[in-house]
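Structure data (PDB, C-alpha atoms) from input_36.pdb:
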ATOM      1  CA  TYR A 532      -7.253   4.031  26.329  1.00  0.00           C
ATOM      2  CA  TYR A 533      -6.335   6.320  23.443  1.00  0.00           C
ATOM      3  CA  PRO A 534      -3.397   8.692  22.920  1.00  0.00           C
ATOM      4  CA  ARG A 535      -3.846  12.126  24.471  1.00  0.00           C
ATOM      5  CA  PHE A 536      -3.354  15.221  22.325  1.00  0.00           C
ATOM      6  CA  TYR A 537      -2.399  18.671  23.496  1.00  0.00           C
ATOM      7  CA  CYS A 538      -1.559  21.867  21.639  1.00  0.00           C
ATOM      8  CA  SER A 539       1.930  23.312  21.454  1.00  0.00           C
ATOM      9  CA  THR A 540       3.399  26.305  19.664  1.00  0.00           C
ATOM     10  CA  SER A 541       4.533  24.073  16.779  1.00  0.00           C
ATOM     11  CA  ALA A 542       2.260  21.074  16.196  1.00  0.00           C
ATOM     12  CA  ALA A 543      -0.035  18.685  18.011  1.00  0.00           C
ATOM     13  CA  THR A 544       1.907  16.349  20.283  1.00  0.00           C
ATOM     14  CA  VAL A 545       0.901  12.763  20.990  1.00  0.00           C
ATOM     15  CA  GLU A 546       1.575  11.165  24.359  1.00  0.00           C
ATOM     16  CA  CYS A 547       1.876   7.491  25.294  1.00  0.00           C
ATOM     17  CA  ARG A 548      -1.462   6.294  26.628  1.00  0.00           C
ATOM     18  CA  LYS A 549       0.282   4.784  29.660  1.00  0.00           C
ATOM     19  CA  CYS A 550       3.347   6.811  30.692  1.00  0.00           C
ATOM     20  CA  GLY A 551       2.796  10.109  28.865  1.00  0.00           C
ATOM     21  CA  MET A 552       6.032   9.896  26.866  1.00  0.00           C
ATOM     22  CA  ASP A 553       6.228  12.016  23.678  1.00  0.00           C
ATOM     23  CA  MET A 554       5.130   9.706  20.848  1.00  0.00           C
ATOM     24  CA  ASN A 555       5.644  11.989  17.846  1.00  0.00           C
ATOM     25  CA  ASP A 556       8.634  10.031  16.520  1.00  0.00           C
ATOM     26  CA  THR A 557       7.273   6.591  17.442  1.00  0.00           C
ATOM     27  CA  LYS A 558       4.798   4.279  15.719  1.00  0.00           C
ATOM     28  CA  LEU A 559       3.316   1.296  17.559  1.00  0.00           C
ATOM     29  CA  PHE A 560       5.284   1.011  20.790  1.00  0.00           C
ATOM     30  CA  CYS A 561       6.340   3.584  23.371  1.00  0.00           C
ATOM     31  CA  LYS A 562      10.137   3.870  23.588  1.00  0.00           C
ATOM     32  CA  SER A 563       9.892   4.389  27.330  1.00  0.00           C
ATOM     33  CA  CYS A 564       7.435   1.745  28.587  1.00  0.00           C
ATOM     34  CA  ASP A 565       6.970  -0.403  25.438  1.00  0.00           C
ATOM     35  CA  THR A 566       3.166  -0.034  25.609  1.00  0.00           C
ATOM     36  CA  LEU A 567       1.210  -0.784  22.453  1.00  0.00           C
ATOM     37  CA  GLN A 568      -0.330   2.404  21.056  1.00  0.00           C
ATOM     38  CA  VAL A 569      -3.307   3.278  18.877  1.00  0.00           C
ATOM     39  CA  PRO A 570      -1.590   3.760  15.495  1.00  0.00           C
ATOM     40  CA  ASP A 571      -2.048   6.289  12.748  1.00  0.00           C
ATOM     41  CA  ASP A 572      -4.127   4.638  10.017  1.00  0.00           C
ATOM     42  CA  ASN A 573      -1.786   5.935   7.288  1.00  0.00           C
ATOM     43  CA  TYR A 574      -0.325   2.775   5.746  1.00  0.00           C
ATOM     44  CA  PHE A 575       3.029   4.381   4.970  1.00  0.00           C
ATOM     45  CA  ASP A 576       3.499   5.577   8.545  1.00  0.00           C
ATOM     46  CA  LEU A 577       2.315   2.268   9.939  1.00  0.00           C
ATOM     47  CA  LEU A 578       4.951   0.281   8.022  1.00  0.00           C
ATOM     48  CA  HIS A 579       7.696   2.884   8.442  1.00  0.00           C
ATOM     49  CA  MET A 580       7.825   3.693   4.730  1.00  0.00           C
ATOM     50  CA  GLN A 581       8.562   7.067   3.147  1.00  0.00           C
ATOM     51  CA  LYS A 582       5.247   8.826   3.645  1.00  0.00           C
ATOM     52  CA  ASN A 583       2.934   8.982   0.638  1.00  0.00           C
ATOM     53  CA  ASP A 584       5.702   8.007  -1.799  1.00  0.00           C
ATOM     54  CA  PHE A 585       4.758   5.747  -4.725  1.00  0.00           C
ATOM     55  CA  ASP A 586       8.237   4.212  -4.801  1.00  0.00           C
ATOM     56  CA  VAL A 587       8.303   1.495  -2.144  1.00  0.00           C
ATOM     57  CA  GLU A 588      11.336  -0.720  -1.498  1.00  0.00           C
ATOM     58  CA  GLN A 589       9.710  -4.157  -1.417  1.00  0.00           C
ATOM     59  CA  THR A 590      12.383  -5.911   0.648  1.00  0.00           C
ATOM     60  CA  GLU A 591      12.210  -3.264   3.367  1.00  0.00           C
ATOM     61  CA  LEU A 592       8.409  -3.269   3.255  1.00  0.00           C
ATOM     62  CA  TYR A 593       8.310  -7.030   3.814  1.00  0.00           C
ATOM     63  CA  LYS A 594      10.901  -6.838   6.575  1.00  0.00           C
ATOM     64  CA  GLN A 595       8.940  -4.158   8.439  1.00  0.00           C
ATOM     65  CA  PHE A 596       5.692  -6.076   8.009  1.00  0.00           C
ATOM     66  CA  ILE A 597       7.077  -9.327   9.432  1.00  0.00           C
ATOM     67  CA  PHE A 598       8.832  -7.524  12.294  1.00  0.00           C
ATOM     68  CA  LEU A 599       5.709  -5.622  13.323  1.00  0.00           C
ATOM     69  CA  GLN A 600       3.387  -8.610  12.964  1.00  0.00           C
ATOM     70  CA  LYS A 601       5.598 -10.597  15.324  1.00  0.00           C
ATOM     71  CA  ARG A 602       5.611  -7.746  17.846  1.00  0.00           C
ATOM     72  CA  ILE A 603       1.863  -7.266  17.895  1.00  0.00           C
ATOM     73  CA  HIS A 604       0.791 -10.913  17.695  1.00  0.00           C
ATOM     74  CA  PRO A 605      -2.312 -11.167  19.950  1.00  0.00           C
ATOM     75  CA  ASP A 606      -0.821 -14.079  21.930  1.00  0.00           C
ATOM     76  CA  ARG A 607       1.809 -11.694  23.297  1.00  0.00           C
ATOM     77  CA  PHE A 608      -0.944  -9.636  24.953  1.00  0.00           C
ATOM     78  CA  HIS A 609      -2.969 -12.473  26.422  1.00  0.00           C
ATOM     79  CA  SER A 610      -1.832 -11.695  29.975  1.00  0.00           C
ATOM     80  CA  LEU A 611      -2.753  -8.011  29.605  1.00  0.00           C
ATOM     81  CA  GLY A 612      -6.468  -8.642  29.236  1.00  0.00           C
ATOM     82  CA  LYS A 613      -9.154  -8.674  26.574  1.00  0.00           C
ATOM     83  CA  GLU A 614      -8.839  -4.997  25.703  1.00  0.00           C
ATOM     84  CA  SER A 615      -5.147  -5.262  24.887  1.00  0.00           C
ATOM     85  CA  MET A 616      -5.724  -8.449  22.874  1.00  0.00           C
ATOM     86  CA  ALA A 617      -8.538  -6.802  20.914  1.00  0.00           C
ATOM     87  CA  GLN A 618      -6.289  -3.816  20.215  1.00  0.00           C
ATOM     88  CA  ALA A 619      -3.506  -6.129  18.990  1.00  0.00           C
ATOM     89  CA  GLU A 620      -5.954  -7.980  16.733  1.00  0.00           C
ATOM     90  CA  ARG A 621      -7.201  -4.713  15.246  1.00  0.00           C
ATOM     91  CA  ILE A 622      -3.661  -3.517  14.529  1.00  0.00           C
ATOM     92  CA  SER A 623      -2.707  -6.913  13.081  1.00  0.00           C
ATOM     93  CA  ALA A 624      -5.598  -6.649  10.613  1.00  0.00           C
ATOM     94  CA  LEU A 625      -4.603  -3.077   9.812  1.00  0.00           C
ATOM     95  CA  LEU A 626      -1.023  -4.187   9.134  1.00  0.00           C
ATOM     96  CA  ASN A 627      -2.267  -6.905   6.771  1.00  0.00           C
ATOM     97  CA  ASN A 628      -4.344  -4.382   4.835  1.00  0.00           C
ATOM     98  CA  ALA A 629      -1.439  -1.935   4.739  1.00  0.00           C
ATOM     99  CA  TYR A 630       1.029  -4.521   3.462  1.00  0.00           C
ATOM    100  CA  THR A 631      -1.380  -5.907   0.848  1.00  0.00           C
ATOM    101  CA  THR A 632      -2.010  -2.377  -0.416  1.00  0.00           C
ATOM    102  CA  LEU A 633       1.551  -1.076  -0.487  1.00  0.00           C
ATOM    103  CA  LYS A 634       3.170  -4.146  -2.049  1.00  0.00           C
ATOM    104  CA  ASP A 635       0.934  -3.918  -5.146  1.00  0.00           C
ATOM    105  CA  PRO A 636       1.543  -0.906  -7.431  1.00  0.00           C
ATOM    106  CA  VAL A 637      -2.085  -0.679  -8.583  1.00  0.00           C
ATOM    107  CA  ALA A 638      -3.492  -0.811  -5.054  1.00  0.00           C
ATOM    108  CA  ARG A 639      -0.750   1.563  -3.886  1.00  0.00           C
ATOM    109  CA  SER A 640      -1.630   4.119  -6.548  1.00  0.00           C
ATOM    110  CA  LYS A 641      -5.347   3.874  -5.740  1.00  0.00           C
ATOM    111  CA  TYR A 642      -4.493   4.421  -2.069  1.00  0.00           C
ATOM    112  CA  LEU A 643      -2.353   7.465  -2.863  1.00  0.00           C
ATOM    113  CA  LEU A 644      -5.243   8.900  -4.868  1.00  0.00           C
ATOM    114  CA  GLU A 645      -7.571   8.226  -1.951  1.00  0.00           C
ATOM    115  CA  LEU A 646      -5.213  10.058   0.422  1.00  0.00           C
ATOM    116  CA  ARG A 647      -5.559  13.059  -1.880  1.00  0.00           C
ATOM    117  CA  GLY A 648      -9.338  12.868  -1.750  1.00  0.00           C
ATOM    118  CA  ILE A 649      -9.641  11.321  -5.226  1.00  0.00           C
ATOM    119  CA  GLN A 650     -11.912   8.297  -5.432  1.00  0.00           C
ATOM    120  CA  TYR A 651     -10.940   5.559  -7.869  1.00  0.00           C
ATOM    121  CA  GLY A 652     -13.864   3.242  -8.506  1.00  0.00           C
ATOM    122  CA  GLU A 653     -16.486   2.001 -10.937  1.00  0.00           C
ATOM    123  CA  ASP A 654     -17.164   5.531 -12.185  1.00  0.00           C
ATOM    124  CA  THR A 655     -13.502   6.092 -13.091  1.00  0.00           C
ATOM    125  CA  VAL A 656     -13.010   6.961 -16.764  1.00  0.00           C
ATOM    126  CA  SER A 657     -11.553   4.034 -18.752  1.00  0.00           C
ATOM    127  CA  PRO A 658      -8.338   4.334 -20.792  1.00  0.00           C
ATOM    128  CA  ASP A 659      -8.545   5.355 -24.452  1.00  0.00           C
ATOM    129  CA  LYS A 660     -10.255   3.037 -26.959  1.00  0.00           C
ATOM    130  CA  GLU A 661      -7.003   2.185 -28.715  1.00  0.00           C
ATOM    131  CA  PHE A 662      -5.523   0.850 -25.487  1.00  0.00           C
ATOM    132  CA  LEU A 663      -8.688  -1.132 -24.685  1.00  0.00           C
ATOM    133  CA  MET A 664      -8.758  -2.674 -28.165  1.00  0.00           C
ATOM    134  CA  ASP A 665      -5.117  -3.663 -27.752  1.00  0.00           C
ATOM    135  CA  ILE A 666      -5.961  -5.368 -24.436  1.00  0.00           C
ATOM    136  CA  MET A 667      -8.889  -7.241 -25.982  1.00  0.00           C
ATOM    137  CA  GLU A 668      -6.678  -8.530 -28.808  1.00  0.00           C
ATOM    138  CA  LEU A 669      -3.984  -9.452 -26.319  1.00  0.00           C
ATOM    139  CA  ARG A 670      -6.392 -11.532 -24.227  1.00  0.00           C
ATOM    140  CA  GLU A 671      -7.562 -13.341 -27.369  1.00  0.00           C
ATOM    141  CA  ASP A 672      -3.940 -14.028 -28.285  1.00  0.00           C
ATOM    142  CA  ILE A 673      -3.288 -15.467 -24.824  1.00  0.00           C
ATOM    143  CA  GLU A 674      -6.137 -17.965 -25.221  1.00  0.00           C
ATOM    144  CA  SER A 675      -4.793 -19.364 -28.512  1.00  0.00           C
ATOM    145  CA  ALA A 676      -1.026 -18.866 -28.133  1.00  0.00           C
ATOM    146  CA  SER A 677       1.584 -21.621 -28.115  1.00  0.00           C
ATOM    147  CA  GLU A 678       4.084 -21.916 -25.264  1.00  0.00           C
ATOM    148  CA  THR A 679       6.693 -19.995 -27.259  1.00  0.00           C
ATOM    149  CA  GLU A 680       4.190 -17.252 -28.073  1.00  0.00           C
ATOM    150  CA  LEU A 681       3.065 -17.089 -24.441  1.00  0.00           C
ATOM    151  CA  LEU A 682       6.644 -16.542 -23.346  1.00  0.00           C
ATOM    152  CA  LYS A 683       6.968 -13.635 -25.770  1.00  0.00           C
ATOM    153  CA  ILE A 684       3.656 -12.157 -24.566  1.00  0.00           C
ATOM    154  CA  LYS A 685       4.813 -12.508 -20.972  1.00  0.00           C
ATOM    155  CA  GLN A 686       8.047 -10.650 -21.695  1.00  0.00           C
ATOM    156  CA  ASP A 687       6.146  -7.902 -23.521  1.00  0.00           C
ATOM    157  CA  LEU A 688       3.721  -7.495 -20.598  1.00  0.00           C
ATOM    158  CA  GLU A 689       6.602  -7.271 -18.132  1.00  0.00           C
ATOM    159  CA  LYS A 690       8.126  -4.440 -20.158  1.00  0.00           C
ATOM    160  CA  ARG A 691       4.798  -2.601 -20.375  1.00  0.00           C
ATOM    161  CA  ASN A 692       4.249  -3.133 -16.647  1.00  0.00           C
ATOM    162  CA  GLU A 693       7.671  -1.686 -15.813  1.00  0.00           C
ATOM    163  CA  SER A 694       7.086   1.265 -18.156  1.00  0.00           C
ATOM    164  CA  LEU A 695       3.751   2.132 -16.523  1.00  0.00           C
ATOM    165  CA  ILE A 696       5.189   1.826 -13.011  1.00  0.00           C
ATOM    166  CA  LYS A 697       8.015   4.187 -14.008  1.00  0.00           C
ATOM    167  CA  ALA A 698       5.486   6.646 -15.456  1.00  0.00           C
ATOM    168  CA  LEU A 699       3.407   6.504 -12.265  1.00  0.00           C
ATOM    169  CA  SER A 700       6.496   7.056 -10.157  1.00  0.00           C
ATOM    170  CA  ASP A 701       7.355  10.165 -12.181  1.00  0.00           C
ATOM    171  CA  CYS A 702       3.748  11.339 -11.986  1.00  0.00           C
ATOM    172  CA  TYR A 703       3.640  11.170  -8.174  1.00  0.00           C
ATOM    173  CA  LYS A 704       6.972  12.971  -7.905  1.00  0.00           C
ATOM    174  CA  GLN A 705       5.513  16.094  -9.503  1.00  0.00           C
ATOM    175  CA  GLU A 706       5.002  19.013  -7.129  1.00  0.00           C
ATOM    176  CA  SER A 707       1.409  19.294  -8.320  1.00  0.00           C
ATOM    177  CA  LEU A 708      -0.137  15.912  -9.087  1.00  0.00           C
ATOM    178  CA  ASP A 709      -2.063  15.653 -12.349  1.00  0.00           C
ATOM    179  CA  SER A 710      -4.824  13.364 -11.085  1.00  0.00           C
ATOM    180  CA  ASN A 711      -6.143  12.624 -14.593  1.00  0.00           C
ATOM    181  CA  ILE A 712      -2.771  11.251 -15.666  1.00  0.00           C
ATOM    182  CA  ALA A 713      -2.388   9.302 -12.409  1.00  0.00           C
ATOM    183  CA  ILE A 714      -5.844   7.749 -12.838  1.00  0.00           C
ATOM    184  CA  ASP A 715      -5.204   6.876 -16.498  1.00  0.00           C
ATOM    185  CA  LEU A 716      -1.850   5.239 -15.735  1.00  0.00           C
ATOM    186  CA  THR A 717      -3.341   3.341 -12.803  1.00  0.00           C
ATOM    187  CA  SER A 718      -6.156   2.013 -14.986  1.00  0.00           C
ATOM    188  CA  LYS A 719      -3.738   0.909 -17.688  1.00  0.00           C
ATOM    189  CA  LEU A 720      -1.480  -0.779 -15.153  1.00  0.00           C
ATOM    190  CA  ASN A 721      -4.527  -2.565 -13.760  1.00  0.00           C
ATOM    191  CA  TYR A 722      -5.412  -3.939 -17.211  1.00  0.00           C
ATOM    192  CA  ILE A 723      -1.839  -5.090 -17.803  1.00  0.00           C
ATOM    193  CA  ALA A 724      -1.751  -6.762 -14.377  1.00  0.00           C
ATOM    194  CA  LYS A 725      -4.937  -8.659 -15.205  1.00  0.00           C
ATOM    195  CA  CYS A 726      -3.405  -9.882 -18.460  1.00  0.00           C
ATOM    196  CA  GLN A 727      -0.329 -11.044 -16.563  1.00  0.00           C
ATOM    197  CA  LYS A 728      -2.569 -12.894 -14.129  1.00  0.00           C
ATOM    198  CA  ALA A 729      -4.319 -14.590 -17.058  1.00  0.00           C
ATOM    199  CA  LEU A 730      -0.957 -16.038 -18.079  1.00  0.00           C
ATOM    200  CA  ASN A 731      -0.487 -17.764 -14.730  1.00  0.00           C
TER     201      ASN A 731
END
File written out as C-alpha coordinates:
Amino acid sequence: YYPRFYCSTSAATVECRKCGMDMNDTKLFCKSCDTLQVPDDNYFDLLHMQKNDFDVEQTELYKQFIFLQKRIHPDRFHSLGKESMAQAERISALLNNAYTTLKDPVARSKYLLELRGIQYGEDTVSPDKEFLMDIMELREDIESASETELLKIKQDLEKRNESLIKALSDCYKQESLDSNIAIDLTSKLNYIAKCQKALN
(Lines of atoms letter the chains of each structure in order from A and count residues from 1; the text may use other names and numbers.)
(Lines give C-alpha, C1' and ligand atoms only; values in the text may rest on other atoms or scores of the structure.)
Protein backbone atom coordinates (compact mmCIF):
# COMPACT_ATOMS: atom_id res chain seq x y z
CA TYR A 1 0.00 0.00 0.00
CA TYR A 2 1.89 3.03 -1.28
CA PRO A 3 0.69 6.44 -2.51
CA ARG A 4 -0.36 6.52 -6.16
CA PHE A 5 1.15 9.13 -8.47
CA TYR A 6 -0.36 10.51 -11.63
CA CYS A 7 0.71 13.28 -13.99
CA SER A 8 -1.07 16.60 -14.25
CA THR A 9 -0.40 19.75 -16.25
CA SER A 10 1.37 21.32 -13.25
CA ALA A 11 3.12 18.77 -11.02
CA ALA A 12 2.89 15.19 -9.84
CA THR A 13 -0.07 14.68 -7.53
CA VAL A 14 -0.10 12.24 -4.63
CA GLU A 15 -3.27 10.44 -3.61
CA CYS A 16 -4.21 8.86 -0.28
CA ARG A 17 -3.47 5.15 -0.43
CA LYS A 18 -6.95 4.39 0.90
CA CYS A 19 -9.52 6.96 -0.27
CA GLY A 20 -7.70 8.67 -3.15
CA MET A 21 -7.83 12.14 -1.58
CA ASP A 22 -5.29 14.71 -2.87
CA MET A 23 -2.32 14.49 -0.48
CA ASN A 24 -0.11 17.27 -1.86
CA ASP A 25 -0.67 19.57 1.13
CA THR A 26 -0.68 16.79 3.75
CA LYS A 27 2.13 14.93 5.50
CA LEU A 28 1.43 11.75 7.47
CA PHE A 29 -2.35 11.50 7.69
CA CYS A 30 -5.08 11.91 5.09
CA LYS A 31 -7.37 14.85 5.92
CA SER A 32 -10.35 12.91 4.62
CA CYS A 33 -10.03 9.40 6.10
CA ASP A 34 -7.15 9.89 8.59
CA THR A 35 -5.18 6.99 7.07
CA LEU A 36 -1.47 6.84 7.81
CA GLN A 37 0.55 7.51 4.65
CA VAL A 38 4.01 6.65 3.37
CA PRO A 39 5.87 9.91 4.11
CA ASP A 40 8.40 11.89 2.16
CA ASP A 41 11.83 11.10 3.62
CA ASN A 42 12.80 14.79 3.66
CA TYR A 43 13.28 15.59 7.35
CA PHE A 44 12.06 19.17 7.02
CA ASP A 45 8.82 18.11 5.33
CA LEU A 46 8.32 15.28 7.78
CA LEU A 47 8.46 17.60 10.81
CA HIS A 48 6.58 20.45 9.13
CA MET A 49 9.60 22.76 9.15
CA GLN A 50 10.50 25.37 6.54
CA LYS A 51 11.92 23.18 3.80
CA ASN A 52 15.71 23.00 3.56
CA ASP A 53 16.20 26.06 5.79
CA PHE A 54 19.16 26.03 8.19
CA ASP A 55 17.29 28.21 10.68
CA VAL A 56 15.05 25.90 12.71
CA GLU A 57 12.83 27.12 15.56
CA GLN A 58 13.67 24.58 18.26
CA THR A 59 10.47 24.95 20.29
CA GLU A 60 8.31 24.36 17.23
CA LEU A 61 10.51 21.47 16.11
CA TYR A 62 10.10 19.75 19.48
CA LYS A 63 6.37 20.40 19.53
CA GLN A 64 5.90 18.88 16.07
CA PHE A 65 8.07 15.89 16.97
CA ILE A 66 6.12 15.05 20.13
CA PHE A 67 2.76 15.58 18.41
CA LEU A 68 3.64 13.31 15.49
CA GLN A 69 5.23 10.62 17.65
CA LYS A 70 2.04 10.39 19.70
CA ARG A 71 -0.07 10.13 16.54
CA ILE A 72 1.97 7.37 14.96
CA HIS A 73 2.74 5.32 18.08
CA PRO A 74 2.58 1.66 16.93
CA ASP A 75 0.11 0.74 19.70
CA ARG A 76 -2.49 2.93 18.00
CA PHE A 77 -2.34 0.68 14.92
CA HIS A 78 -2.43 -2.68 16.66
CA SER A 79 -6.02 -3.36 15.57
CA LEU A 80 -5.21 -2.55 11.93
CA GLY A 81 -2.84 -5.47 11.48
CA LYS A 82 0.87 -6.18 11.23
CA GLU A 83 1.41 -4.16 8.07
CA SER A 84 0.04 -0.97 9.59
CA MET A 85 2.04 -1.52 12.79
CA ALA A 86 5.23 -2.10 10.80
CA GLN A 87 4.56 1.09 8.83
CA ALA A 88 4.04 3.04 12.06
CA GLU A 89 7.28 1.65 13.50
CA ARG A 90 9.20 2.63 10.38
CA ILE A 91 7.83 6.18 10.47
CA SER A 92 8.51 6.44 14.21
CA ALA A 93 12.17 5.58 13.59
CA LEU A 94 12.28 8.05 10.71
CA LEU A 95 10.86 10.78 12.96
CA ASN A 96 13.52 10.06 15.59
CA ASN A 97 16.28 10.36 13.00
CA ALA A 98 14.74 13.55 11.61
CA TYR A 99 14.43 15.19 15.02
CA THR A 100 17.95 14.17 16.11
CA THR A 101 19.34 15.61 12.88
CA LEU A 102 17.42 18.88 12.75
CA LYS A 103 17.83 19.84 16.41
CA ASP A 104 21.65 19.79 16.14
CA PRO A 105 23.20 22.54 13.97
CA VAL A 106 26.18 20.40 12.90
CA ALA A 107 24.02 17.43 11.89
CA ARG A 108 21.53 19.81 10.27
CA SER A 109 24.22 21.43 8.15
CA LYS A 110 25.62 18.04 7.10
CA TYR A 111 22.09 17.00 6.12
CA LEU A 112 21.56 20.16 4.08
CA LEU A 113 24.83 19.48 2.27
CA GLU A 114 23.69 15.92 1.62
CA LEU A 115 20.41 17.18 0.15
CA ARG A 116 22.51 19.19 -2.30
CA GLY A 117 24.50 16.12 -3.28
CA ILE A 118 27.56 17.13 -1.24
CA GLN A 119 29.00 14.38 0.94
CA TYR A 120 30.49 15.41 4.27
CA GLY A 121 32.65 12.64 5.68
CA GLU A 122 36.12 11.42 6.54
CA ASP A 123 37.53 12.81 3.29
CA THR A 124 36.25 16.32 4.05
CA VAL A 125 39.04 18.92 4.11
CA SER A 126 39.88 20.03 7.68
CA PRO A 127 39.80 23.69 8.77
CA ASP A 128 42.95 25.79 8.48
CA LYS A 129 45.99 24.93 10.63
CA GLU A 130 45.65 28.05 12.75
CA PHE A 131 42.14 27.05 13.80
CA LEU A 132 43.24 23.46 14.54
CA MET A 133 46.17 24.65 16.65
CA ASP A 134 43.81 26.91 18.58
CA ILE A 135 41.52 23.92 19.26
CA MET A 136 44.44 21.77 20.43
CA GLU A 137 45.56 24.49 22.86
CA LEU A 138 42.00 24.96 24.04
CA ARG A 139 41.59 21.25 24.84
CA GLU A 140 44.86 21.32 26.80
CA ASP A 141 43.61 24.36 28.71
CA ILE A 142 40.37 22.55 29.56
CA GLU A 143 42.29 19.65 31.11
CA SER A 144 44.28 21.89 33.48
CA ALA A 145 41.88 24.80 34.07
CA SER A 146 40.42 25.82 37.42
CA GLU A 147 36.66 26.17 37.88
CA THR A 148 36.87 29.92 37.27
CA GLU A 149 38.93 29.39 34.12
CA LEU A 150 36.53 26.70 32.91
CA LEU A 151 33.63 29.10 33.25
CA LYS A 152 35.47 31.66 31.12
CA ILE A 153 36.30 29.00 28.51
CA LYS A 154 32.67 27.90 28.47
CA GLN A 155 31.47 31.46 27.85
CA ASP A 156 34.04 31.92 25.08
CA LEU A 157 32.96 28.67 23.39
CA GLU A 158 29.31 29.71 23.56
CA LYS A 159 30.14 32.96 21.78
CA ARG A 160 32.17 31.16 19.11
CA ASN A 161 29.37 28.61 18.69
CA GLU A 162 26.78 31.35 18.21
CA SER A 163 29.05 33.17 15.75
CA LEU A 164 29.54 30.05 13.61
CA ILE A 165 25.82 29.24 13.63
CA LYS A 166 25.08 32.80 12.47
CA ALA A 167 27.68 32.47 9.71
CA LEU A 168 26.18 29.16 8.58
CA SER A 169 22.71 30.66 8.57
CA ASP A 170 23.91 33.50 6.34
CA CYS A 171 25.75 31.02 4.12
CA TYR A 172 22.64 28.90 3.48
CA LYS A 173 20.57 32.00 2.75
CA GLN A 174 22.70 32.82 -0.28
CA GLU A 175 21.01 32.24 -3.63
CA SER A 176 23.99 30.18 -4.74
CA LEU A 177 25.49 28.15 -1.89
CA ASP A 178 29.27 28.26 -1.58
CA SER A 179 29.76 24.64 -0.53
CA ASN A 180 33.41 25.16 0.46
CA ILE A 181 32.43 27.84 2.97
CA ALA A 182 29.51 25.75 4.26
CA ILE A 183 31.79 22.73 4.75
CA ASP A 184 34.48 24.81 6.49
CA LEU A 185 31.99 26.42 8.87
CA THR A 186 30.38 23.06 9.61
CA SER A 187 33.76 21.53 10.44
CA LYS A 188 34.66 24.41 12.73
CA LEU A 189 31.31 24.24 14.48
CA ASN A 190 31.84 20.51 14.95
CA TYR A 191 35.20 21.12 16.65
CA ILE A 192 33.72 23.78 18.92
CA ALA A 193 30.82 21.47 19.82
CA LYS A 194 33.28 18.74 20.80
CA CYS A 195 35.14 21.18 23.05
CA GLN A 196 31.85 22.16 24.68
CA LYS A 197 31.08 18.50 25.25
CA ALA A 198 34.49 18.04 26.89
CA LEU A 199 33.47 20.66 29.45
CA ASN A 200 30.43 18.67 30.54
Selection under test: the PyMOL selection byres ((chain A and resi 584) around 12); residues as a PDB file with C-alpha atoms, in the coordinates of the input:
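The resulting selection28.pdb:
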ATOM      1  CA  ASN A 573      -1.786   5.935   7.288  1.00  0.00           C
ATOM      2  CA  TYR A 574      -0.325   2.775   5.746  1.00  0.00           C
ATOM      3  CA  PHE A 575       3.029   4.381   4.970  1.00  0.00           C
ATOM      4  CA  ASP A 576       3.499   5.577   8.545  1.00  0.00           C
ATOM      5  CA  HIS A 579       7.696   2.884   8.442  1.00  0.00           C
ATOM      6  CA  MET A 580       7.825   3.693   4.730  1.00  0.00           C
ATOM      7  CA  GLN A 581       8.562   7.067   3.147  1.00  0.00           C
ATOM      8  CA  LYS A 582       5.247   8.826   3.645  1.00  0.00           C
ATOM      9  CA  ASN A 583       2.934   8.982   0.638  1.00  0.00           C
ATOM     10  CA  PHE A 585       4.758   5.747  -4.725  1.00  0.00           C
ATOM     11  CA  ASP A 586       8.237   4.212  -4.801  1.00  0.00           C
ATOM     12  CA  VAL A 587       8.303   1.495  -2.144  1.00  0.00           C
ATOM     13  CA  GLU A 588      11.336  -0.720  -1.498  1.00  0.00           C
ATOM     14  CA  LEU A 633       1.551  -1.076  -0.487  1.00  0.00           C
ATOM     15  CA  PRO A 636       1.543  -0.906  -7.431  1.00  0.00           C
ATOM     16  CA  ARG A 639      -0.750   1.563  -3.886  1.00  0.00           C
ATOM     17  CA  SER A 640      -1.630   4.119  -6.548  1.00  0.00           C
ATOM     18  CA  TYR A 642      -4.493   4.421  -2.069  1.00  0.00           C
ATOM     19  CA  LEU A 643      -2.353   7.465  -2.863  1.00  0.00           C
ATOM     20  CA  LEU A 644      -5.243   8.900  -4.868  1.00  0.00           C
ATOM     21  CA  LEU A 646      -5.213  10.058   0.422  1.00  0.00           C
ATOM     22  CA  LEU A 699       3.407   6.504 -12.265  1.00  0.00           C
ATOM     23  CA  SER A 700       6.496   7.056 -10.157  1.00  0.00           C
ATOM     24  CA  ASP A 701       7.355  10.165 -12.181  1.00  0.00           C
ATOM     25  CA  CYS A 702       3.748  11.339 -11.986  1.00  0.00           C
ATOM     26  CA  TYR A 703       3.640  11.170  -8.174  1.00  0.00           C
ATOM     27  CA  LYS A 704       6.972  12.971  -7.905  1.00  0.00           C
ATOM     28  CA  GLN A 705       5.513  16.094  -9.503  1.00  0.00           C
TER      29      GLN A 705
END
Neighbouring residues of Lys594 (chain A) were defined as those with any atom within 10 Å, considering all atoms listed in the file; residues of the same chain fewer than 5 positions away were excluded. Please report them as a list of chain:residue names. A:Leu578, A:Gln589, A:Leu599
Mind checking which residues fall within 12 Å of Leu626 (chain A), counting all atoms listed in the file, ignoring those fewer than 4 positions away in the same chain, and posting them as a ChimeraX atom specification? /A:559,570-579,592-593,595-604,619-622,630-634
At what distance in Å, to one decimal, does CA of Gly652 (chain A) lie from CA of Ala629 (chain A)?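 Separation of CA of Ala629 (chain A) and CA of Gly652 (chain A): 18.9 Å.
Comparing the minimum interatomic distances between Gln686 (chain A) and each of A:Cys726, A:Ala617, A:Ile666, A:Leu625, counting all atoms listed in the file, we find that A:Cys726 sits nearest.
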Would you please work out which residue, of A:Met616, A:Ala713, A:Val656, A:Ile684, is nearest to Leu669 (chain A) when using all atoms listed in the file?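 So, comparing all the options, the nearest one is A:Ile684.
Atom pair CA of Gln650 (chain A) / CA of Ile714 (chain A): separated by 9.6 Å.
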In Å, how far is it from CA of Ser623 (chain A) to CA of Ile649 (chain A)?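 It comes out at 26.8 Å.
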Could you list the residues chosen by the PyMOL selection byres ((chain A and resi 717) around 10) in this structure as a PyMOL selection string? chain A and resi 636-641+644+651+658+695-696+698-699+711-716+718-723
Judged by only C-alpha atoms, the minimum distance to Leu681 (chain A) among A:Ala729, A:Leu708, A:Ala724, A:Ala624 is found for A:Ala729
Nearest to Glu645 (chain A): which of A:Lys690, A:Ser710, A:Asn731, A:Asp606 is it, counting all atoms listed in the file?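 Using all atoms listed in the file, the shortest distance to Glu645 (chain A) belongs to A:Ser710.
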